[in-house]
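What's in upload_29.cif: mmCIF, C-alpha atoms and all ligand atoms
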data_coords
#
loop_
_atom_site.label_atom_id
_atom_site.label_comp_id
_atom_site.auth_asym_id
_atom_site.auth_seq_id
_atom_site.Cartn_x
_atom_site.Cartn_y
_atom_site.Cartn_z
CA MET A 1 0.00 0.00 0.00
CA ARG A 2 0.96 3.64 -0.09
CA ALA A 3 1.42 5.85 2.96
CA VAL A 4 2.92 9.15 4.00
CA THR A 5 6.64 8.58 4.57
CA ILE A 6 9.26 10.53 6.57
CA SER A 7 12.64 10.75 4.79
CA GLU A 8 14.37 12.05 7.94
CA PRO A 9 13.31 14.02 11.03
CA GLY A 10 12.63 17.61 9.97
CA GLY A 11 10.17 20.15 8.58
CA PRO A 12 7.01 19.49 6.55
CA GLU A 13 9.18 18.98 3.42
CA VAL A 14 10.44 15.60 4.72
CA LEU A 15 6.98 14.09 4.20
CA GLY A 16 6.57 12.02 1.04
CA TRP A 17 4.06 9.54 -0.38
CA GLY A 18 5.32 6.06 -1.20
CA GLU A 19 5.10 2.28 -0.89
CA VAL A 20 5.22 0.70 2.58
CA PRO A 21 4.36 -2.84 3.77
CA ASP A 22 0.65 -3.61 4.18
CA PRO A 23 -0.64 -3.77 7.76
CA VAL A 24 -1.17 -7.23 9.25
CA CYS A 25 -4.54 -7.94 10.85
CA GLY A 26 -3.70 -9.39 14.29
CA PRO A 27 -6.06 -11.15 16.70
CA GLY A 28 -8.67 -8.73 18.04
CA GLU A 29 -8.00 -6.32 15.18
CA VAL A 30 -9.63 -5.24 11.93
CA VAL A 31 -8.09 -3.67 8.84
CA VAL A 32 -9.67 -0.41 7.69
CA ASP A 33 -9.37 0.87 4.11
CA VAL A 34 -8.71 4.50 4.98
CA VAL A 35 -10.93 7.16 3.39
CA ALA A 36 -9.49 10.02 5.46
CA ALA A 37 -7.18 10.73 8.37
CA ALA A 38 -7.07 13.90 10.45
CA VAL A 39 -3.96 15.84 11.43
CA ASN A 40 -3.06 16.23 15.10
CA ARG A 41 -0.45 18.47 16.70
CA ALA A 42 1.35 15.33 17.93
CA ASP A 43 1.96 14.30 14.28
CA LEU A 44 4.15 17.39 13.85
CA LEU A 45 6.29 16.36 16.83
CA GLN A 46 6.56 12.78 15.54
CA ARG A 47 7.70 14.09 12.13
CA GLN A 48 10.42 16.10 13.90
CA GLY A 49 11.60 12.95 15.72
CA ARG A 50 10.39 14.31 19.10
CA TYR A 51 7.44 11.95 19.72
CA PRO A 52 8.25 8.39 18.63
CA ALA A 53 5.46 5.85 18.13
CA PRO A 54 4.85 3.72 21.26
CA ALA A 55 6.19 0.13 21.25
CA GLY A 56 4.18 -2.09 18.93
CA ALA A 57 2.46 0.81 17.11
CA SER A 58 2.88 1.59 13.40
CA ASP A 59 5.56 4.19 12.79
CA VAL A 60 3.41 5.71 10.04
CA LEU A 61 1.86 9.00 11.21
CA GLY A 62 -1.84 9.31 12.03
CA LEU A 63 -3.78 9.01 15.29
CA GLU A 64 -7.28 8.80 13.80
CA CYS A 65 -8.99 7.85 10.57
CA SER A 66 -12.26 6.90 8.93
CA GLY A 67 -12.93 4.25 6.32
CA VAL A 68 -14.41 0.87 5.54
CA ILE A 69 -13.51 -2.43 7.25
CA SER A 70 -11.88 -4.74 4.69
CA GLU A 71 -10.65 -7.57 6.97
CA VAL A 72 -11.72 -8.87 10.38
CA GLY A 73 -9.24 -10.74 12.58
CA THR A 74 -9.90 -13.57 15.00
CA ASP A 75 -11.59 -12.76 18.33
CA VAL A 76 -13.49 -9.78 16.94
CA ALA A 77 -17.22 -9.52 17.60
CA GLY A 78 -19.68 -6.88 16.44
CA TRP A 79 -17.82 -5.67 13.34
CA ALA A 80 -17.99 -6.95 9.74
CA VAL A 81 -16.34 -6.35 6.37
CA GLY A 82 -18.02 -3.33 4.73
CA ASP A 83 -18.83 -1.48 7.98
CA GLU A 84 -18.19 2.27 7.79
CA VAL A 85 -16.18 3.32 10.83
CA CYS A 86 -13.88 5.86 12.36
CA ALA A 87 -11.06 4.84 14.67
CA LEU A 88 -8.73 6.02 17.38
CA LEU A 89 -5.22 4.86 16.43
CA SER A 90 -1.82 4.59 18.07
CA GLY A 91 -0.39 5.35 14.62
CA GLY A 92 -0.76 4.42 10.95
CA GLY A 93 -3.66 6.64 9.81
CA TYR A 94 -1.78 8.54 7.04
CA ALA A 95 -2.03 5.51 4.74
CA GLU A 96 -4.31 3.55 2.45
CA ARG A 97 -4.89 0.83 5.04
CA VAL A 98 -4.44 0.49 8.79
CA ALA A 99 -4.84 -2.29 11.37
CA VAL A 100 -6.88 -1.23 14.43
CA PRO A 101 -7.76 -3.01 17.71
CA ALA A 102 -11.54 -3.51 17.53
CA GLY A 103 -12.01 -1.69 20.83
CA GLN A 104 -10.87 1.53 19.17
CA LEU A 105 -13.55 1.52 16.47
CA LEU A 106 -16.62 3.74 16.43
CA PRO A 107 -19.42 3.45 13.87
CA ARG A 108 -19.64 6.34 11.40
CA PRO A 109 -22.22 8.57 13.08
CA ALA A 110 -25.47 8.81 11.08
CA GLY A 111 -25.58 12.18 9.35
CA VAL A 112 -21.78 12.63 9.28
CA GLU A 113 -20.08 12.01 5.93
CA LEU A 114 -17.50 9.20 6.12
CA ALA A 115 -14.40 11.35 5.40
CA THR A 116 -15.52 14.00 7.91
CA ALA A 117 -15.88 11.35 10.63
CA ALA A 118 -12.06 11.06 10.66
CA ALA A 119 -11.99 14.38 12.55
CA LEU A 120 -13.86 12.99 15.56
CA PRO A 121 -12.12 10.14 17.45
CA GLU A 122 -9.00 11.89 18.81
CA VAL A 123 -10.68 15.13 19.87
CA VAL A 124 -13.86 13.58 21.32
CA CYS A 125 -11.90 10.88 23.21
CA THR A 126 -9.35 13.42 24.53
CA VAL A 127 -11.97 15.90 25.70
CA TRP A 128 -14.31 13.27 27.13
CA SER A 129 -11.58 11.41 29.04
CA ASN A 130 -10.06 14.57 30.52
CA VAL A 131 -12.85 17.09 31.04
CA PHE A 132 -15.56 14.61 32.02
CA MET A 133 -14.13 11.21 33.12
CA LEU A 134 -11.18 12.79 34.97
CA ALA A 135 -12.18 16.36 35.92
CA GLY A 136 -15.91 15.64 36.25
CA LEU A 137 -17.19 18.93 34.76
CA ARG A 138 -20.74 19.65 35.96
CA ALA A 139 -23.59 21.90 34.80
CA GLY A 140 -23.20 25.48 36.02
CA GLU A 141 -19.40 25.22 36.36
CA VAL A 142 -16.87 27.34 34.45
CA LEU A 143 -14.64 25.51 31.95
CA LEU A 144 -11.54 27.33 30.64
CA VAL A 145 -10.23 25.90 27.36
CA HIS A 146 -6.82 27.08 26.20
CA GLY A 147 -6.49 27.17 22.41
CA GLY A 148 -10.25 27.33 21.88
CA SER A 149 -9.96 27.33 18.08
CA SER A 150 -7.71 24.25 17.92
CA GLY A 151 -9.02 20.84 16.91
CA ILE A 152 -9.25 19.94 20.60
CA GLY A 153 -10.61 23.35 21.59
CA THR A 154 -13.49 23.36 19.11
CA MET A 155 -14.70 20.04 20.54
CA ALA A 156 -14.09 21.05 24.18
CA ILE A 157 -16.27 24.15 23.72
CA GLN A 158 -19.13 22.11 22.27
CA LEU A 159 -19.00 19.38 24.92
CA GLY A 160 -18.70 21.97 27.69
CA VAL A 161 -21.74 23.89 26.44
CA ARG A 162 -23.67 20.64 26.01
CA ALA A 163 -22.96 19.82 29.67
CA GLY A 164 -24.39 23.17 30.78
CA ALA A 165 -21.05 24.75 31.70
CA ARG A 166 -20.03 28.37 31.03
CA VAL A 167 -17.11 28.11 28.62
CA ALA A 168 -14.13 30.48 28.59
CA VAL A 169 -11.45 30.25 25.89
CA THR A 170 -8.08 31.67 25.00
CA ALA A 171 -7.10 32.07 21.34
CA GLY A 172 -4.62 34.12 19.34
CA SER A 173 -6.79 36.43 17.23
CA PRO A 174 -10.21 38.14 17.12
CA GLU A 175 -11.20 35.89 14.18
CA LYS A 176 -10.41 32.75 16.15
CA LEU A 177 -12.31 34.09 19.15
CA ALA A 178 -15.32 34.80 16.92
CA ALA A 179 -15.26 31.15 15.78
CA CYS A 180 -15.19 30.08 19.44
CA ARG A 181 -18.15 32.34 20.22
CA GLU A 182 -20.16 30.74 17.40
CA LEU A 183 -19.57 27.35 19.03
CA GLY A 184 -20.96 28.66 22.33
CA ALA A 185 -17.93 30.04 24.20
CA GLU A 186 -18.98 32.97 26.36
CA ILE A 187 -15.76 34.36 27.86
CA LEU A 188 -13.27 35.20 25.11
CA VAL A 189 -9.62 35.98 25.87
CA ASP A 190 -7.05 36.98 23.25
CA HIS A 191 -3.91 35.53 24.81
CA ARG A 192 -1.72 37.85 22.75
CA GLU A 193 -3.38 40.95 24.23
CA GLN A 194 -5.01 39.97 27.53
CA ASP A 195 -4.27 38.14 30.77
CA PHE A 196 -6.56 35.13 31.08
CA VAL A 197 -6.48 35.08 34.90
CA GLU A 198 -7.75 38.64 35.10
CA GLU A 199 -10.32 38.21 32.31
CA VAL A 200 -11.81 34.96 33.63
CA ARG A 201 -11.95 36.27 37.21
CA THR A 202 -13.66 39.48 36.11
CA ALA A 203 -16.18 37.65 33.91
CA THR A 204 -17.06 35.21 36.70
CA GLY A 205 -17.35 37.74 39.53
CA GLY A 206 -14.07 36.55 41.10
CA HIS A 207 -15.01 32.83 41.02
CA GLY A 208 -12.43 31.64 38.44
CA ALA A 209 -12.48 28.39 36.48
CA ASP A 210 -13.73 25.10 37.95
CA VAL A 211 -11.99 23.11 35.23
CA VAL A 212 -9.07 24.16 33.03
CA LEU A 213 -8.15 22.12 29.93
CA ASP A 214 -4.56 23.15 29.25
CA ILE A 215 -2.38 22.59 26.17
CA ILE A 216 0.48 24.94 27.10
CA GLY A 217 2.03 23.26 30.16
CA ALA A 218 4.94 24.85 32.01
CA ALA A 219 4.50 28.42 30.73
CA TYR A 220 0.89 28.51 31.99
CA LEU A 221 1.15 26.37 35.15
CA ALA A 222 1.31 29.16 37.74
CA ARG A 223 -1.42 31.22 36.08
CA ASN A 224 -3.59 28.12 35.57
CA VAL A 225 -3.40 27.38 39.30
CA ASP A 226 -4.16 31.07 39.98
CA VAL A 227 -7.28 31.02 37.83
CA LEU A 228 -8.69 27.86 39.49
CA ALA A 229 -11.76 28.28 41.66
CA THR A 230 -11.96 26.57 45.07
CA GLY A 231 -12.20 22.85 44.34
CA GLY A 232 -10.93 23.48 40.81
CA ARG A 233 -9.38 20.84 38.55
CA LEU A 234 -6.54 21.58 36.11
CA VAL A 235 -5.92 18.94 33.44
CA GLY A 236 -2.82 19.22 31.28
CA ILE A 237 -2.86 17.55 27.88
CA GLY A 238 -0.20 19.52 26.01
CA THR A 239 3.25 20.97 26.59
CA GLN A 240 3.53 23.57 23.84
CA GLY A 241 5.00 25.90 26.52
CA GLY A 242 7.40 23.37 28.09
CA VAL A 243 7.27 20.48 30.54
CA ARG A 244 8.98 21.67 33.73
CA ALA A 245 7.70 24.37 36.06
CA GLU A 246 7.29 25.05 39.79
CA LEU A 247 3.96 24.24 41.38
CA ASP A 248 2.87 26.27 44.43
CA LEU A 249 1.36 23.56 46.64
CA GLY A 250 0.28 26.21 49.16
CA VAL A 251 -2.08 27.79 46.65
CA LEU A 252 -3.31 24.37 45.58
CA MET A 253 -3.99 23.34 49.20
CA ARG A 254 -5.81 26.55 50.06
CA LYS A 255 -8.04 26.03 47.04
CA ARG A 256 -8.44 22.28 47.61
CA ALA A 257 -7.62 22.09 43.94
CA SER A 258 -6.00 19.36 41.86
CA VAL A 259 -3.64 19.10 38.93
CA ALA A 260 -3.52 16.12 36.57
CA ALA A 261 -2.02 15.37 33.17
CA THR A 262 -2.69 12.58 30.68
CA THR A 263 -1.99 11.32 27.18
CA LEU A 264 -4.44 9.30 25.14
CA ARG A 265 -1.81 7.65 22.96
CA GLY A 266 0.03 6.21 25.94
CA ARG A 267 -3.05 4.40 27.26
CA PRO A 268 -3.11 0.59 26.79
CA ALA A 269 -5.48 -0.81 24.13
CA THR A 270 -7.63 -2.70 26.65
CA GLY A 271 -8.17 -2.97 30.40
CA PRO A 272 -8.56 -0.31 33.09
CA GLY A 273 -7.83 3.21 31.83
CA SER A 274 -7.51 1.94 28.27
CA LYS A 275 -8.33 3.43 24.90
CA ALA A 276 -11.14 0.86 24.58
CA GLU A 277 -12.66 2.11 27.84
CA VAL A 278 -12.60 5.73 26.63
CA VAL A 279 -13.98 4.77 23.20
CA ALA A 280 -16.84 2.80 24.81
CA ALA A 281 -17.72 5.78 27.03
CA VAL A 282 -17.64 8.13 24.05
CA ARG A 283 -19.90 5.84 22.03
CA ARG A 284 -22.39 5.69 24.89
CA GLU A 285 -22.23 9.29 26.13
CA VAL A 286 -21.36 11.45 23.12
CA TRP A 287 -22.19 9.58 19.88
CA PRO A 288 -25.98 10.02 20.19
CA ASP A 289 -25.52 13.81 20.21
CA VAL A 290 -23.09 13.64 17.27
CA GLU A 291 -25.83 11.77 15.38
CA ARG A 292 -28.36 14.46 16.37
CA GLY A 293 -25.98 17.19 15.12
CA VAL A 294 -25.70 18.75 18.60
CA VAL A 295 -21.96 18.06 18.53
CA ARG A 296 -20.22 18.35 15.16
CA PRO A 297 -16.74 18.03 13.72
CA ILE A 298 -15.27 21.43 12.81
CA ILE A 299 -13.23 21.12 9.62
CA ASP A 300 -10.87 23.86 8.45
CA ARG A 301 -10.11 22.16 5.12
CA ARG A 302 -9.32 18.87 3.41
CA LEU A 303 -6.23 18.04 1.38
CA PRO A 304 -5.14 14.91 -0.53
CA MET A 305 -3.18 12.50 1.67
CA SER A 306 -0.17 12.90 -0.65
CA ARG A 307 -0.02 16.60 0.35
CA ALA A 308 0.40 15.93 4.09
CA GLY A 309 3.37 18.34 4.15
CA GLU A 310 1.05 21.26 3.30
CA ALA A 311 -1.31 20.22 6.08
CA HIS A 312 1.57 20.16 8.58
CA ALA A 313 2.76 23.60 7.41
CA LEU A 314 -0.77 24.90 7.93
CA LEU A 315 -0.90 23.63 11.53
CA GLU A 316 2.54 25.11 12.16
CA SER A 317 1.39 28.50 10.87
CA SER A 318 -1.58 28.19 13.28
CA THR A 319 -3.97 29.91 10.87
CA HIS A 320 -6.53 27.09 10.98
CA VAL A 321 -9.72 26.69 13.01
CA GLY A 322 -10.67 23.13 13.92
CA LYS A 323 -9.36 20.07 12.10
CA VAL A 324 -7.45 19.49 8.86
CA LEU A 325 -8.37 16.33 6.94
CA LEU A 326 -6.14 14.23 4.66
CA VAL A 327 -8.22 12.37 2.10
CA ASN A 328 -7.35 9.30 0.00
CA GLY A 329 -8.30 8.85 -3.64
N1 LIG B 1 -2.65 14.48 25.87
C1 LIG B 1 -3.41 14.04 24.88
O1 LIG B 1 -3.91 12.92 24.92
C2 LIG B 1 -3.67 14.92 23.70
C3 LIG B 1 -4.49 14.48 22.65
C4 LIG B 1 -4.74 15.34 21.58
C5 LIG B 1 -4.16 16.61 21.58
N2 LIG B 1 -3.34 16.99 22.60
C6 LIG B 1 -2.71 18.34 22.63
O2 LIG B 1 -3.72 19.30 22.50
C7 LIG B 1 -3.20 20.45 21.83
C8 LIG B 1 -4.10 20.81 20.68
O3 LIG B 1 -3.98 19.80 19.69
P1 LIG B 1 -4.61 20.00 18.25
O4 LIG B 1 -4.26 18.81 17.46
O5 LIG B 1 -6.02 20.41 18.40
O6 LIG B 1 -3.68 21.20 17.74
P2 LIG B 1 -3.89 22.52 16.90
O7 LIG B 1 -5.22 22.52 16.22
O8 LIG B 1 -2.66 22.74 16.10
O9 LIG B 1 -3.94 23.64 18.02
C9 LIG B 1 -2.87 24.21 18.69
C10 LIG B 1 -3.43 25.49 19.31
O10 LIG B 1 -2.58 26.06 20.27
C11 LIG B 1 -2.94 27.43 20.32
N3 LIG B 1 -1.96 28.20 21.09
C12 LIG B 1 -0.65 28.39 20.81
N4 LIG B 1 -0.08 29.15 21.78
C13 LIG B 1 -1.05 29.40 22.70
C14 LIG B 1 -1.09 30.12 23.93
N5 LIG B 1 0.00 30.70 24.43
N6 LIG B 1 -2.26 30.14 24.62
C15 LIG B 1 -3.35 29.54 24.16
N7 LIG B 1 -3.39 28.84 23.00
C16 LIG B 1 -2.25 28.78 22.28
C17 LIG B 1 -3.01 27.79 18.85
O11 LIG B 1 -3.76 28.94 18.57
P3 LIG B 1 -3.07 30.40 18.50
O12 LIG B 1 -1.81 30.26 17.68
O13 LIG B 1 -4.07 31.29 17.87
O14 LIG B 1 -2.82 30.76 19.89
C18 LIG B 1 -3.75 26.57 18.29
O15 LIG B 1 -5.15 26.81 18.28
C19 LIG B 1 -1.77 20.11 21.41
O16 LIG B 1 -0.88 20.63 22.37
C20 LIG B 1 -1.78 18.59 21.46
O17 LIG B 1 -0.50 18.05 21.67
C21 LIG B 1 -3.10 16.17 23.64
#

Rewrite the structure from the file as structure tokens, please.
Ligand SMILES: NC(=O)c1ccc[n+]([C@@H]2O[C@H](COP(=O)([O-])OP(=O)(O)OC[C@H]3O[C@@H](n4cnc5c(N)ncnc54)[C@H](OP(=O)(O)O)[C@@H]3O)[C@@H](O)[C@H]2O)c1
Amino acid sequence: MRAVTISEPGGPEVLGWGEVPDPVCGPGEVVVDVVAAAVNRADLLQRQGRYPAPAGASDVLGLECSGVISEVGTDVAGWAVGDEVCALLSGGGYAERVAVPAGQLLPRPAGVELATAAALPEVVCTVWSNVFMLAGLRAGEVLLVHGGSSGIGTMAIQLGVRAGARVAVTAGSPEKLAACRELGAEILVDHREQDFVEEVRTATGGHGADVVLDIIGAAYLARNVDVLATGGRLVGIGTQGGVRAELDLGVLMRKRASVAATTLRGRPATGPGSKAEVVAAVRREVWPDVERGVVRPIIDRRLPMSRAGEAHALLESSTHVGKVLLVNG
């Protein structure tokens, strides 16, 4: 089959399109003929050689895809050749075919076109596992989403609003903030011009944020703890601003607040805390509202799979809103 290749660690120009070995359908797995994959920030790091694939995963890029099942391995129940699906992957999505553990499959939601469904698994699973399963966001609480116009951010806003929370976002331009407002965000902070601690406190009458979904890491840690309300929960999922910073435990203790951090890719395929557990929760708790159109994938644009380099350059320029799709055929 053909897949996106990496000639050497580097910029978007190192991505090519060429022949690679076909995936092997192991026990408990299916093979999906890929219609589309979506680009994630982590793919850029992997291309640069800074985020290697976990042991046993394909070293082809791509953490999510959509397509049609073309092969079903042993020990798989509930899925058949011809089923239209989308899938959470540990790698391998930027290709014509990919092998996926069956527990990481989701049916194509009714009403969502098959290629578009590729934009859902990574963002819905990340937001659901962190904001809801871990931080337990409740109706009436304030959710602060950093990078509100990102792939992750556009889903976090929608799921926060759906849960009855007041959603605050940071983003880097008035246009991006306008896109966040259209999705239901109420407190809009331009992080290039404004201080999010001050803005969120003012907008909430001094309360702060009950839950913060953070993608910046070290550079925002102190201010994220500052903005937390009493009993607040900070969940880190990205380190765009570094990995090491000092944490003031005194402030945390006074607020009875907590700090956690997770990665989806590092979770095991099955068992407690696994990808399969998150995918099953998403299918049960979120999929019905995706099918009703209450929650929708936000697509910036779609490009042919063979032009993955352009898609990576676009994410690096950070001029997109939502997800970028790579489409086969
Ligand atoms: N842990 C996990 O399991 C997991 C899973 C998926 C994604 N993630 C992480 O989630 C983040 C978003 O991923 P994505 O694929 O959705 O990426 P993306 O669409 O490329 O978004 C990155 C965002 O970061 C924003 N940003 C940059 N500097 C910022 C700052 N100082 N304050 C606030 N926002 C800032 C950018 O907007 P502006 O340039 O306008 O600020 C952009 O919207 C990434 O860090 C990714 O690694 C983690």

* Within-8 Å residues of ligand LIG 1 (chain B), basis only C-alpha atoms and all ligand atoms, as number ranges by chain -> A: 39-42, 122-123, 126, 146-153, 170-173, 176, 191-192, 214-216, 220, 236-241, 261-266, 315-323

Mind writing the picked residues with C-alpha atoms as an mmCIF file, keeping the file's coordinate frame?
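What follows is the written file again-v2.cif:
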data_model
loop_
_atom_site.group_PDB
_atom_site.id
_atom_site.type_symbol
_atom_site.label_atom_id
_atom_site.label_comp_id
_atom_site.auth_asym_id
_atom_site.auth_seq_id
_atom_site.Cartn_x
_atom_site.Cartn_y
_atom_site.Cartn_z
ATOM 1 C CA VAL A 39 -3.960 15.840 11.430
ATOM 2 C CA ASN A 40 -3.060 16.230 15.100
ATOM 3 C CA ARG A 41 -0.450 18.470 16.700
ATOM 4 C CA ALA A 42 1.350 15.330 17.930
ATOM 5 C CA GLU A 122 -9.000 11.890 18.810
ATOM 6 C CA VAL A 123 -10.680 15.130 19.870
ATOM 7 C CA THR A 126 -9.350 13.420 24.530
ATOM 8 C CA HIS A 146 -6.820 27.080 26.200
ATOM 9 C CA GLY A 147 -6.490 27.170 22.410
ATOM 10 C CA GLY A 148 -10.250 27.330 21.880
ATOM 11 C CA SER A 149 -9.960 27.330 18.080
ATOM 12 C CA SER A 150 -7.710 24.250 17.920
ATOM 13 C CA GLY A 151 -9.020 20.840 16.910
ATOM 14 C CA ILE A 152 -9.250 19.940 20.600
ATOM 15 C CA GLY A 153 -10.610 23.350 21.590
ATOM 16 C CA THR A 170 -8.080 31.670 25.000
ATOM 17 C CA ALA A 171 -7.100 32.070 21.340
ATOM 18 C CA GLY A 172 -4.620 34.120 19.340
ATOM 19 C CA SER A 173 -6.790 36.430 17.230
ATOM 20 C CA LYS A 176 -10.410 32.750 16.150
ATOM 21 C CA HIS A 191 -3.910 35.530 24.810
ATOM 22 C CA ARG A 192 -1.720 37.850 22.750
ATOM 23 C CA ASP A 214 -4.560 23.150 29.250
ATOM 24 C CA ILE A 215 -2.380 22.590 26.170
ATOM 25 C CA ILE A 216 0.480 24.940 27.100
ATOM 26 C CA TYR A 220 0.890 28.510 31.990
ATOM 27 C CA GLY A 236 -2.820 19.220 31.280
ATOM 28 C CA ILE A 237 -2.860 17.550 27.880
ATOM 29 C CA GLY A 238 -0.200 19.520 26.010
ATOM 30 C CA THR A 239 3.250 20.970 26.590
ATOM 31 C CA GLN A 240 3.530 23.570 23.840
ATOM 32 C CA GLY A 241 5.000 25.900 26.520
ATOM 33 C CA ALA A 261 -2.020 15.370 33.170
ATOM 34 C CA THR A 262 -2.690 12.580 30.680
ATOM 35 C CA THR A 263 -1.990 11.320 27.180
ATOM 36 C CA LEU A 264 -4.440 9.300 25.140
ATOM 37 C CA ARG A 265 -1.810 7.650 22.960
ATOM 38 C CA GLY A 266 0.030 6.210 25.940
ATOM 39 C CA LEU A 315 -0.900 23.630 11.530
ATOM 40 C CA GLU A 316 2.540 25.110 12.160
ATOM 41 C CA SER A 317 1.390 28.500 10.870
ATOM 42 C CA SER A 318 -1.580 28.190 13.280
ATOM 43 C CA THR A 319 -3.970 29.910 10.870
ATOM 44 C CA HIS A 320 -6.530 27.090 10.980
ATOM 45 C CA VAL A 321 -9.720 26.690 13.010
ATOM 46 C CA GLY A 322 -10.670 23.130 13.920
ATOM 47 C CA LYS A 323 -9.360 20.070 12.100
#

* **Of the listed residues A:Ala95, A:Leu177, A:Leu89, A:Ala55, that which approaches Met305 of chain A most closely, counting all atoms listed in the file** => A:Ala95

* Do you know which residues are at most 9 Å from Arg97 of chain A counting all atoms listed in the file, after dropping those on the same chain fewer than 6 positions away, and could you put them as a ChimeraX atom specification? -> /A:1-3,22-23,31-35,67,70

Output as a Markdown table one row per residue of segment 112-195 of chain A within 12 Å of segment 222-230 of chain A: the closest atom pair and its distance in Å to one decimal place, counting only C-alpha atoms, sorted by chain and residue number ascending.
| residue | atom | partner | partner_atom | distance |
| --- | --- | --- | --- | --- |
| A:Glu141 | CA | A:Ala229 | CA | 9.8 |
| A:Val142 | CA | A:Ala229 | CA | 8.9 |
| A:Leu143 | CA | A:Leu228 | CA | 9.9 |
| A:Leu144 | CA | A:Val227 | CA | 9.1 |
| A:Val145 | CA | A:Asn224 | CA | 10.8 |
| A:His146 | CA | A:Asn224 | CA | 10.0 |
| A:Ala168 | CA | A:Val227 | CA | 11.5 |
| A:Asp195 | CA | A:Arg223 | CA | 9.2 |

How would the residues just picked look written out with C-alpha atoms as a JSON list (two decimals), in the coordinates of the input?
[["chain", "number", "residue", "atom", "x", "y", "z"],
["A", 141, "GLU", "CA", -19.40, 25.22, 36.36],
["A", 142, "VAL", "CA", -16.87, 27.34, 34.45],
["A", 143, "LEU", "CA", -14.64, 25.51, 31.95],
["A", 144, "LEU", "CA", -11.54, 27.33, 30.64],
["A", 145, "VAL", "CA", -10.23, 25.90, 27.36],
["A", 146, "HIS", "CA", -6.82, 27.08, 26.20],
["A", 168, "ALA", "CA", -14.13, 30.48, 28.59],
["A", 195, "ASP", "CA", -4.27, 38.14, 30.77]]

* Asked: Which is closer to Gln104 of chain A than all the others in A:Cys25, A:Ala38, A:Val30, A:Leu247, using only C-alpha atoms?
  ->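 Under the stated criterion, the closest residue is A:Val30.
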
* Asked: Could you list as a PyMOL selection string every residue that has an atom within 10 Å of (-10.8, 24.4, 42.8), using the file's coordinates and counting all atoms listed in the file?
  -> chain A and resi 207-212+225-234+252-259

* To do: To one decimal in Å, tell me the separation between atom CA of Leu120 of chain A and atom CA of Ile6 of chain A.
  =>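 It comes out at 24.9 Å.
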
For Lys275 of chain A: contacts at 10 Å, all atoms listed in the file, fewer than 3 positions along chain excluded, given as a short mmCIF file (atom, residue, chain, number, x, y, z; two decimals) with C-alpha atoms, in the frame of the given file:
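Written out: out_26.cif:
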data_model
loop_
_atom_site.label_atom_id
_atom_site.label_comp_id
_atom_site.auth_asym_id
_atom_site.auth_seq_id
_atom_site.Cartn_x
_atom_site.Cartn_y
_atom_site.Cartn_z
CA LEU A 88 -8.73 6.02 17.38
CA LEU A 89 -5.22 4.86 16.43
CA SER A 90 -1.82 4.59 18.07
CA PRO A 101 -7.76 -3.01 17.71
CA GLY A 103 -12.01 -1.69 20.83
CA GLN A 104 -10.87 1.53 19.17
CA CYS A 125 -11.90 10.88 23.21
CA SER A 129 -11.58 11.41 29.04
CA LEU A 264 -4.44 9.30 25.14
CA ARG A 265 -1.81 7.65 22.96
CA GLY A 266 0.03 6.21 25.94
CA ARG A 267 -3.05 4.40 27.26
CA PRO A 268 -3.11 0.59 26.79
CA ALA A 269 -5.48 -0.81 24.13
CA THR A 270 -7.63 -2.70 26.65
CA GLY A 271 -8.17 -2.97 30.40
CA PRO A 272 -8.56 -0.31 33.09
CA VAL A 278 -12.60 5.73 26.63
CA VAL A 279 -13.98 4.77 23.20
CA ALA A 280 -16.84 2.80 24.81
CA ALA A 281 -17.72 5.78 27.03
#

Since the input is missing atoms, can you rebuild N, CA, C and O atoms for segment 315-321 of chain A and write them as an mmCIF file, in the coordinates of the input?
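Once written, selection-v5.cif looks like this:
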data_model
loop_
_atom_site.group_PDB
_atom_site.id
_atom_site.type_symbol
_atom_site.label_atom_id
_atom_site.label_comp_id
_atom_site.auth_asym_id
_atom_site.auth_seq_id
_atom_site.Cartn_x
_atom_site.Cartn_y
_atom_site.Cartn_z
ATOM 1 N N LEU A 315 -0.796 23.691 10.066
ATOM 2 C CA LEU A 315 -0.900 23.630 11.530
ATOM 3 C C LEU A 315 0.223 24.430 12.183
ATOM 4 O O LEU A 315 0.013 25.098 13.190
ATOM 5 N N GLU A 316 1.410 24.365 11.576
ATOM 6 C CA GLU A 316 2.540 25.110 12.160
ATOM 7 C C GLU A 316 2.322 26.616 12.071
ATOM 8 O O GLU A 316 2.737 27.360 12.956
ATOM 9 N N SER A 317 1.648 27.058 11.007
ATOM 10 C CA SER A 317 1.390 28.500 10.870
ATOM 11 C C SER A 317 0.269 28.927 11.819
ATOM 12 O O SER A 317 0.071 30.108 12.074
ATOM 13 N N SER A 318 -0.479 27.962 12.328
ATOM 14 C CA SER A 318 -1.580 28.190 13.280
ATOM 15 C C SER A 318 -2.595 29.193 12.727
ATOM 16 O O SER A 318 -3.067 30.059 13.459
ATOM 17 N N THR A 319 -2.939 29.044 11.455
ATOM 18 C CA THR A 319 -3.970 29.910 10.870
ATOM 19 C C THR A 319 -5.287 29.159 10.700
ATOM 20 O O THR A 319 -6.233 29.689 10.144
ATOM 21 N N HIS A 320 -5.329 27.904 11.152
ATOM 22 C CA HIS A 320 -6.530 27.090 10.980
ATOM 23 C C HIS A 320 -7.480 27.232 12.163
ATOM 24 O O HIS A 320 -7.097 27.655 13.250
ATOM 25 N N VAL A 321 -8.716 26.819 11.932
ATOM 26 C CA VAL A 321 -9.720 26.690 13.010
ATOM 27 C C VAL A 321 -10.294 25.294 12.903
ATOM 28 O O VAL A 321 -10.839 24.916 11.864
#
